[in-house]
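Reproduced below: coords_8.pdb, with PDB, C-alpha atoms.
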ATOM      1  CA  MET E1440      65.138  34.949  74.247  1.00  0.00           C
ATOM      2  CA  ASN E1441      65.986  33.849  77.785  1.00  0.00           C
ATOM      3  CA  GLN E1442      62.362  32.832  78.260  1.00  0.00           C
ATOM      4  CA  TRP E1443      62.542  30.587  75.176  1.00  0.00           C
ATOM      5  CA  ARG E1444      65.824  29.074  76.341  1.00  0.00           C
ATOM      6  CA  GLN E1445      64.488  28.381  79.837  1.00  0.00           C
ATOM      7  CA  GLU E1446      61.263  26.808  78.528  1.00  0.00           C
ATOM      8  CA  ALA E1447      63.227  24.676  76.041  1.00  0.00           C
ATOM      9  CA  LEU E1448      65.465  23.463  78.877  1.00  0.00           C
ATOM     10  CA  ASP E1449      62.366  22.670  80.929  1.00  0.00           C
ATOM     11  CA  VAL E1450      60.978  20.597  78.038  1.00  0.00           C
ATOM     12  CA  ILE E1451      64.283  18.751  77.659  1.00  0.00           C
ATOM     13  CA  ASN E1452      64.485  18.072  81.405  1.00  0.00           C
ATOM     14  CA  ALA E1453      60.908  16.801  81.403  1.00  0.00           C
ATOM     15  CA  LEU E1454      61.769  14.411  78.554  1.00  0.00           C
ATOM     16  CA  ALA E1455      64.956  13.255  80.264  1.00  0.00           C
ATOM     17  CA  GLY E1456      63.194  12.622  83.566  1.00  0.00           C
ATOM     18  CA  ALA E1457      64.823  15.614  85.314  1.00  0.00           C
ATOM     19  CA  PRO E1458      68.333  14.207  85.887  1.00  0.00           C
ATOM     20  CA  PRO E1459      70.081  15.819  88.861  1.00  0.00           C
ATOM     21  CA  THR E1460      73.212  16.972  87.020  1.00  0.00           C
ATOM     22  CA  ALA E1461      73.990  18.534  83.654  1.00  0.00           C
ATOM     23  CA  LEU E1462      76.442  15.697  82.950  1.00  0.00           C
ATOM     24  CA  GLU E1463      73.681  13.113  83.280  1.00  0.00           C
ATOM     25  CA  THR E1464      71.452  15.178  80.989  1.00  0.00           C
ATOM     26  CA  MET E1465      74.202  15.260  78.358  1.00  0.00           C
ATOM     27  CA  LEU E1466      74.881  11.525  78.763  1.00  0.00           C
ATOM     28  CA  LEU E1467      71.194  10.726  78.340  1.00  0.00           C
ATOM     29  CA  GLY E1468      70.901  13.028  75.330  1.00  0.00           C
ATOM     30  CA  GLY E1469      74.030  11.678  73.673  1.00  0.00           C
ATOM     31  CA  GLY E1470      73.061   8.082  74.377  1.00  0.00           C
ATOM     32  CA  ALA E1471      69.574   8.658  72.994  1.00  0.00           C
ATOM     33  CA  LEU E1472      70.994  10.335  69.879  1.00  0.00           C
ATOM     34  CA  VAL E1473      73.394   7.471  69.195  1.00  0.00           C
ATOM     35  CA  ALA E1474      70.675   4.881  69.872  1.00  0.00           C
ATOM     36  CA  MET E1475      68.279   6.701  67.532  1.00  0.00           C
ATOM     37  CA  LEU E1476      70.867   6.928  64.743  1.00  0.00           C
ATOM     38  CA  VAL E1477      71.750   3.237  65.012  1.00  0.00           C
ATOM     39  CA  ALA E1478      68.100   2.205  65.237  1.00  0.00           C
ATOM     40  CA  MET E1479      67.127   4.382  62.257  1.00  0.00           C
ATOM     41  CA  ARG E1480      69.895   2.852  60.167  1.00  0.00           C
ATOM     42  CA  ILE E1481      69.033  -0.751  61.055  1.00  0.00           C
ATOM     43  CA  VAL E1482      65.248  -0.358  60.928  1.00  0.00           C
ATOM     44  CA  GLY E1483      65.480   1.739  57.760  1.00  0.00           C
ATOM     45  CA  LYS E1484      67.322  -1.039  55.982  1.00  0.00           C
ATOM     46  CA  ALA E1485      64.846  -3.600  57.361  1.00  0.00           C
ATOM     47  CA  VAL E1486      61.797  -1.742  56.000  1.00  0.00           C
ATOM     48  CA  GLY E1487      63.402  -1.204  52.612  1.00  0.00           C
ATOM     49  CA  ASN E1488      64.685   2.352  52.911  1.00  0.00           C
ATOM     50  CA  ASP E1489      68.088   2.036  51.284  1.00  0.00           C
ATOM     51  CA  ASN E1490      68.727   5.782  51.656  1.00  0.00           C
ATOM     52  CA  ALA E1491      68.730   5.680  55.474  1.00  0.00           C
ATOM     53  CA  HIS E1492      72.317   6.838  55.840  1.00  0.00           C
ATOM     54  CA  VAL E1493      73.775   8.148  59.077  1.00  0.00           C
ATOM     55  CA  TRP E1494      74.291  11.718  57.831  1.00  0.00           C
ATOM     56  CA  SER E1495      70.812  12.123  56.385  1.00  0.00           C
ATOM     57  CA  ASN E1496      69.340  10.619  59.559  1.00  0.00           C
ATOM     58  CA  LEU E1497      71.419  12.989  61.693  1.00  0.00           C
ATOM     59  CA  ALA E1498      70.307  15.989  59.632  1.00  0.00           C
ATOM     60  CA  VAL E1499      66.646  15.031  59.988  1.00  0.00           C
ATOM     61  CA  LEU E1500      67.035  14.350  63.716  1.00  0.00           C
ATOM     62  CA  LEU E1501      68.653  17.713  64.386  1.00  0.00           C
ATOM     63  CA  ILE E1502      66.301  19.752  62.205  1.00  0.00           C
ATOM     64  CA  GLY E1503      63.201  17.790  63.175  1.00  0.00           C
ATOM     65  CA  GLY E1504      64.100  17.698  66.858  1.00  0.00           C
ATOM     66  CA  GLY E1505      64.634  21.445  66.774  1.00  0.00           C
ATOM     67  CA  MET E1506      61.262  21.998  65.133  1.00  0.00           C
ATOM     68  CA  MET E1507      59.494  19.751  67.635  1.00  0.00           C
ATOM     69  CA  LEU E1508      61.248  21.427  70.567  1.00  0.00           C
ATOM     70  CA  ALA E1509      60.319  24.856  69.194  1.00  0.00           C
ATOM     71  CA  ALA E1510      56.675  23.810  68.822  1.00  0.00           C
ATOM     72  CA  ALA E1511      56.469  22.447  72.369  1.00  0.00           C
ATOM     73  CA  THR E1512      58.217  25.547  73.722  1.00  0.00           C
ATOM     74  CA  ALA E1513      55.935  27.909  71.797  1.00  0.00           C
ATOM     75  CA  VAL E1514      52.851  26.140  73.124  1.00  0.00           C
ATOM     76  CA  ARG E1515      54.159  26.351  76.685  1.00  0.00           C
ATOM     77  CA  LEU E1516      54.964  30.059  76.310  1.00  0.00           C
ATOM     78  CA  TYR E1517      52.007  31.363  74.322  1.00  0.00           C
ATOM     79  CA  ALA E1518      49.080  28.932  74.545  1.00  0.00           C
ATOM     80  CA  LEU E1519      49.229  27.547  78.082  1.00  0.00           C
ATOM     81  CA  PRO E1520      48.784  30.854  79.923  1.00  0.00           C
ATOM     82  CA  HIS E1521      45.372  31.160  78.223  1.00  0.00           C
ATOM     83  CA  VAL E1522      44.180  27.596  78.857  1.00  0.00           C
ATOM     84  CA  PRO E1523      42.200  27.079  82.084  1.00  0.00           C
ATOM     85  CA  TRP E1524      42.766  23.310  82.376  1.00  0.00           C
ATOM     86  CA  PRO E1525      45.496  22.284  84.835  1.00  0.00           C
ATOM     87  CA  LEU E1526      46.399  19.074  82.972  1.00  0.00           C
ATOM     88  CA  ALA E1527      46.726  20.789  79.605  1.00  0.00           C
ATOM     89  CA  GLU E1528      50.436  21.584  79.954  1.00  0.00           C
ATOM     90  CA  ARG E1529      51.775  18.155  79.074  1.00  0.00           C
ATOM     91  CA  HIS E1530      49.041  17.289  76.601  1.00  0.00           C
ATOM     92  CA  LEU E1531      49.105  20.460  74.506  1.00  0.00           C
ATOM     93  CA  ALA E1532      52.890  20.537  74.256  1.00  0.00           C
ATOM     94  CA  SER E1533      52.930  16.851  73.281  1.00  0.00           C
ATOM     95  CA  ALA E1534      50.169  17.391  70.721  1.00  0.00           C
ATOM     96  CA  ALA E1535      52.101  20.269  69.149  1.00  0.00           C
ATOM     97  CA  ALA E1536      55.279  18.189  68.957  1.00  0.00           C
ATOM     98  CA  LEU E1537      53.332  15.239  67.476  1.00  0.00           C
ATOM     99  CA  ALA E1538      51.693  17.493  64.879  1.00  0.00           C
ATOM    100  CA  VAL E1539      55.091  18.870  63.845  1.00  0.00           C
ATOM    101  CA  PHE E1540      56.454  15.314  63.721  1.00  0.00           C
ATOM    102  CA  LEU E1541      53.664  14.056  61.456  1.00  0.00           C
ATOM    103  CA  LEU E1542      53.257  17.158  59.292  1.00  0.00           C
ATOM    104  CA  LEU E1543      56.829  18.436  58.960  1.00  0.00           C
ATOM    105  CA  VAL E1544      59.492  15.982  60.135  1.00  0.00           C
ATOM    106  CA  ILE E1545      58.243  12.854  58.358  1.00  0.00           C
ATOM    107  CA  PRO E1546      57.724  14.699  55.018  1.00  0.00           C
ATOM    108  CA  LEU E1547      61.157  16.303  55.419  1.00  0.00           C
ATOM    109  CA  GLN E1548      62.696  12.875  55.841  1.00  0.00           C
ATOM    110  CA  CYS E1549      60.704  11.612  52.854  1.00  0.00           C
ATOM    111  CA  LEU E1550      62.242  14.376  50.753  1.00  0.00           C
ATOM    112  CA  ILE E1551      65.775  13.880  52.024  1.00  0.00           C
ATOM    113  CA  GLN E1552      65.773  10.090  51.810  1.00  0.00           C
ATOM    114  CA  ARG E1553      63.482   9.800  48.764  1.00  0.00           C
ATOM    115  CA  SER E1554      61.169   7.289  50.386  1.00  0.00           C
ATOM    116  CA  LYS E1555      57.452   6.830  51.035  1.00  0.00           C
ATOM    117  CA  TYR E1556      55.623   8.392  53.972  1.00  0.00           C
ATOM    118  CA  LEU E1557      54.456   5.111  55.502  1.00  0.00           C
ATOM    119  CA  THR E1558      57.929   3.574  55.252  1.00  0.00           C
ATOM    120  CA  ILE E1559      59.457   6.551  57.047  1.00  0.00           C
ATOM    121  CA  LEU E1560      56.643   6.598  59.619  1.00  0.00           C
ATOM    122  CA  ILE E1561      57.182   2.926  60.477  1.00  0.00           C
ATOM    123  CA  MET E1562      60.945   3.416  60.579  1.00  0.00           C
ATOM    124  CA  MET E1563      60.646   6.399  62.910  1.00  0.00           C
ATOM    125  CA  ALA E1564      58.047   4.767  65.184  1.00  0.00           C
ATOM    126  CA  VAL E1565      60.127   1.623  65.689  1.00  0.00           C
ATOM    127  CA  SER E1566      63.304   3.670  66.084  1.00  0.00           C
ATOM    128  CA  LEU E1567      61.645   5.890  68.704  1.00  0.00           C
ATOM    129  CA  ALA E1568      60.516   2.807  70.640  1.00  0.00           C
ATOM    130  CA  ILE E1569      64.044   1.377  70.570  1.00  0.00           C
ATOM    131  CA  THR E1570      65.488   4.748  71.611  1.00  0.00           C
ATOM    132  CA  ALA E1571      63.024   5.061  74.489  1.00  0.00           C
ATOM    133  CA  LEU E1572      64.060   1.620  75.737  1.00  0.00           C
ATOM    134  CA  ALA E1573      67.765   2.469  75.438  1.00  0.00           C
ATOM    135  CA  ALA E1574      67.255   5.796  77.234  1.00  0.00           C
ATOM    136  CA  ALA E1575      65.319   4.085  80.037  1.00  0.00           C
ATOM    137  CA  LEU E1576      68.112   1.535  80.467  1.00  0.00           C
ATOM    138  CA  LEU E1577      70.739   4.283  80.485  1.00  0.00           C
ATOM    139  CA  GLN E1578      68.729   6.280  83.016  1.00  0.00           C
ATOM    140  CA  GLN E1579      68.459   3.253  85.312  1.00  0.00           C
ATOM    141  CA  GLY E1580      72.185   2.628  84.941  1.00  0.00           C
ATOM    142  CA  LEU E1581      72.974   6.202  85.955  1.00  0.00           C
ATOM    143  CA  LYS E1582      70.585   5.905  88.903  1.00  0.00           C
ATOM    144  CA  THR E1583      72.326   2.690  90.017  1.00  0.00           C
ATOM    145  CA  ILE E1584      75.727   4.375  89.798  1.00  0.00           C
ATOM    146  CA  ARG E1585      74.477   7.282  91.932  1.00  0.00           C
ATOM    147  CA  GLN E1586      73.107   4.885  94.561  1.00  0.00           C
ATOM    148  CA  SER E1587      76.268   2.782  94.622  1.00  0.00           C
ATOM    149  CA  ASP E1588      78.348   5.947  95.135  1.00  0.00           C
ATOM    150  CA  ARG E1589      76.269   6.806  98.201  1.00  0.00           C
ATOM    151  CA  GLN E1590      76.599   3.269  99.560  1.00  0.00           C
ATOM    152  CA  THR E1591      80.358   3.314  98.976  1.00  0.00           C
ATOM    153  CA  GLU E1592      80.651   6.582 100.897  1.00  0.00           C
ATOM    154  CA  LYS E1593      78.730   5.047 103.814  1.00  0.00           C
ATOM    155  CA  ILE E1594      80.999   1.984 103.826  1.00  0.00           C
ATOM    156  CA  ILE E1595      84.141   4.142 103.778  1.00  0.00           C
ATOM    157  CA  GLU E1596      82.761   6.285 106.606  1.00  0.00           C
ATOM    158  CA  HIS E1597      81.920   3.173 108.646  1.00  0.00           C
ATOM    159  CA  LYS E1598      85.396   1.728 108.015  1.00  0.00           C
ATOM    160  CA  GLN E1599      86.996   4.992 109.117  1.00  0.00           C
ATOM    161  CA  THR E1600      84.910   4.983 112.313  1.00  0.00           C
ATOM    162  CA  ILE E1601      86.002   1.431 113.144  1.00  0.00           C
ATOM    163  CA  GLU E1602      89.655   2.288 112.465  1.00  0.00           C
ATOM    164  CA  ASP E1603      89.384   5.343 114.741  1.00  0.00           C
ATOM    165  CA  ILE E1604      87.949   3.180 117.543  1.00  0.00           C
ATOM    166  CA  PHE E1605      90.726   0.585 117.405  1.00  0.00           C
ATOM    167  CA  ARG E1606      93.591   3.001 116.761  1.00  0.00           C
ATOM    168  CA  PRO E1607      95.831   3.372 119.881  1.00  0.00           C
TER
END
Output the structure of this file as structure tokens.
Amino acid sequence: MNQWRQEALDVINALAGAPPTALETMLLGGGALVAMLVAMRIVGKAVGNDNAHVWSNLAVLLIGGGMMLAAATAVRLYALPHVPWPLAERHLASAAALAVFLLLVIPLQCLIQRSKYLTILIMMAVSLAITALAAALLQQGLKTIRQSDRQTEKIIEHKQTIEDIFRP
């Protein structure tokens, strides 16, 4: 069980761009979840899916995200040790997650929201693109905050040095 948990965390960190702290990982995950829910609601209404409600979208995101994470984790644990190609790690895990997305998550959402496959596929593809953009912007914002904190510390240290020099 610990092996599954560790591999799942590795997959999540790889998706999040390996943020340095757990707080940043949670902020990125929460921001991406909120962005995905908002995008699914707006895009769902735009493509004619009147059943794209927040709670049904949240249910599909949690269940579908769990299934995709489990598929990627299972591939990393059981298939990759037997594959001789060094670049296969990212590609096989992504292919497993994509297969689960197309074969299980989209039909699940079709059942829950009583809509057509292509409508849901378009809604999810556009929503994922919007979410990726929002997550990238959030990640850059967090990176800027980290850098400004370091610069502020250097300025405070320099100010303290100058005050120590001129103090009688």
(message) I want to know what sits within 9 Å of E:Phe1540, based on only C-alpha atoms, with residues of the same chain fewer than 4 positions away left out; could you give that as a PyMOL selection string?
(response) chain E and resi 1503-1504+1506-1507+1535-1536+1544-1546
(request) Find the spatial neighbours of stretch 1575-1580 of chain E, counting all atoms listed in the file, within a cut-off of 12 Å - ignore same-chain residues fewer than 5 positions away - and output them as a PyMOL selection string. (result) chain E and resi 1454-1459+1463-1471+1474+1568-1570+1585-1587
(message) Please compute the atom CA of E:Leu1550-atom CA of E:Met1562 distance, one decimal, in Å.
(response) 14.8 Å
(request) Figure out the distance between atom CA of E:Gln1590 and atom CA of E:Phe1605, please, to one decimal in Å. (result)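 Computing the Euclidean distance for atom CA of E:Phe1605 and atom CA of E:Gln1590 yields 22.9 Å.
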(request) Quick one: pull the distance between atom CA of E:Leu1541 and atom CA of E:Lys1555, Å, one decimal. (result) 13.2 Å
Give me the box for stretch 1574-1593 of chain E as lines of an AutoDock Vina configuration file, namely the centre and edge lengths in Å to one decimal of a box along x, y and z that holds every listed atom plus 5 Å on each side.
center_x = 73.0
center_y = 4.4
center_z = 90.5
size_x = 25.3
size_y = 15.7
size_z = 36.6
(request) Return as JSON, numbers by chain the set of residues that the PyMOL selection byres ((chain E and resi 1526-1529) around 12) yields on the displayed structure. (result) {"E": [1449, 1450, 1453, 1454, 1511, 1512, 1513, 1514, 1515, 1516, 1517, 1518, 1519, 1520, 1521, 1522, 1523, 1524, 1525, 1530, 1531, 1532, 1533, 1534, 1535, 1536]}
(request) Can you work out which one of E:Lys1593, E:Leu1508, E:Leu1501, E:Met1475 has the shortest atom-to-atom distance to E:Ala1447, counting all atoms listed in the file? (result)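 That would be E:Leu1508, the residue with the smallest distance to E:Ala1447.
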(message) Ranking E:Ala1491, E:Ala1498, E:Met1479, E:Ala1509 by minimum distance to E:Gln1445 and counting only C-alpha atoms, which one comes first?
(response)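 Distance minimum relative to E:Gln1445 lands on E:Ala1509.
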Apply the PyMOL selection byres ((chain E and resi 1560) around 12) to the structure shown and report the selected residues as a short mmCIF file (atom, residue, chain, number, x, y, z; two decimals) with C-alpha atoms, in the frame of the given file.
data_model
loop_
_atom_site.label_atom_id
_atom_site.label_comp_id
_atom_site.auth_asym_id
_atom_site.auth_seq_id
_atom_site.Cartn_x
_atom_site.Cartn_y
_atom_site.Cartn_z
CA MET E 1479 67.13 4.38 62.26
CA VAL E 1482 65.25 -0.36 60.93
CA GLY E 1483 65.48 1.74 57.76
CA VAL E 1486 61.80 -1.74 56.00
CA ASN E 1488 64.68 2.35 52.91
CA PHE E 1540 56.45 15.31 63.72
CA LEU E 1541 53.66 14.06 61.46
CA LEU E 1542 53.26 17.16 59.29
CA LEU E 1543 56.83 18.44 58.96
CA VAL E 1544 59.49 15.98 60.14
CA ILE E 1545 58.24 12.85 58.36
CA PRO E 1546 57.72 14.70 55.02
CA LEU E 1547 61.16 16.30 55.42
CA GLN E 1548 62.70 12.88 55.84
CA CYS E 1549 60.70 11.61 52.85
CA SER E 1554 61.17 7.29 50.39
CA LYS E 1555 57.45 6.83 51.04
CA TYR E 1556 55.62 8.39 53.97
CA LEU E 1557 54.46 5.11 55.50
CA THR E 1558 57.93 3.57 55.25
CA ILE E 1559 59.46 6.55 57.05
CA ILE E 1561 57.18 2.93 60.48
CA MET E 1562 60.94 3.42 60.58
CA MET E 1563 60.65 6.40 62.91
CA ALA E 1564 58.05 4.77 65.18
CA VAL E 1565 60.13 1.62 65.69
CA SER E 1566 63.30 3.67 66.08
CA LEU E 1567 61.64 5.89 68.70
#
(request) Between E:Ala1485, E:Leu1581, E:Ile1595, E:Met1440, single out the one closest to E:Leu1462, counting all atoms listed in the file. (result)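 Ranking E:Ala1485, E:Leu1581, E:Ile1595, E:Met1440 by distance to E:Leu1462, first place goes to E:Leu1581.
Comparing E:Ile1594, E:Ile1604, E:Ile1551, E:Ala1573 by their smallest distance to E:Leu1500, the closest is E:Ile1551 (using only C-alpha atoms).
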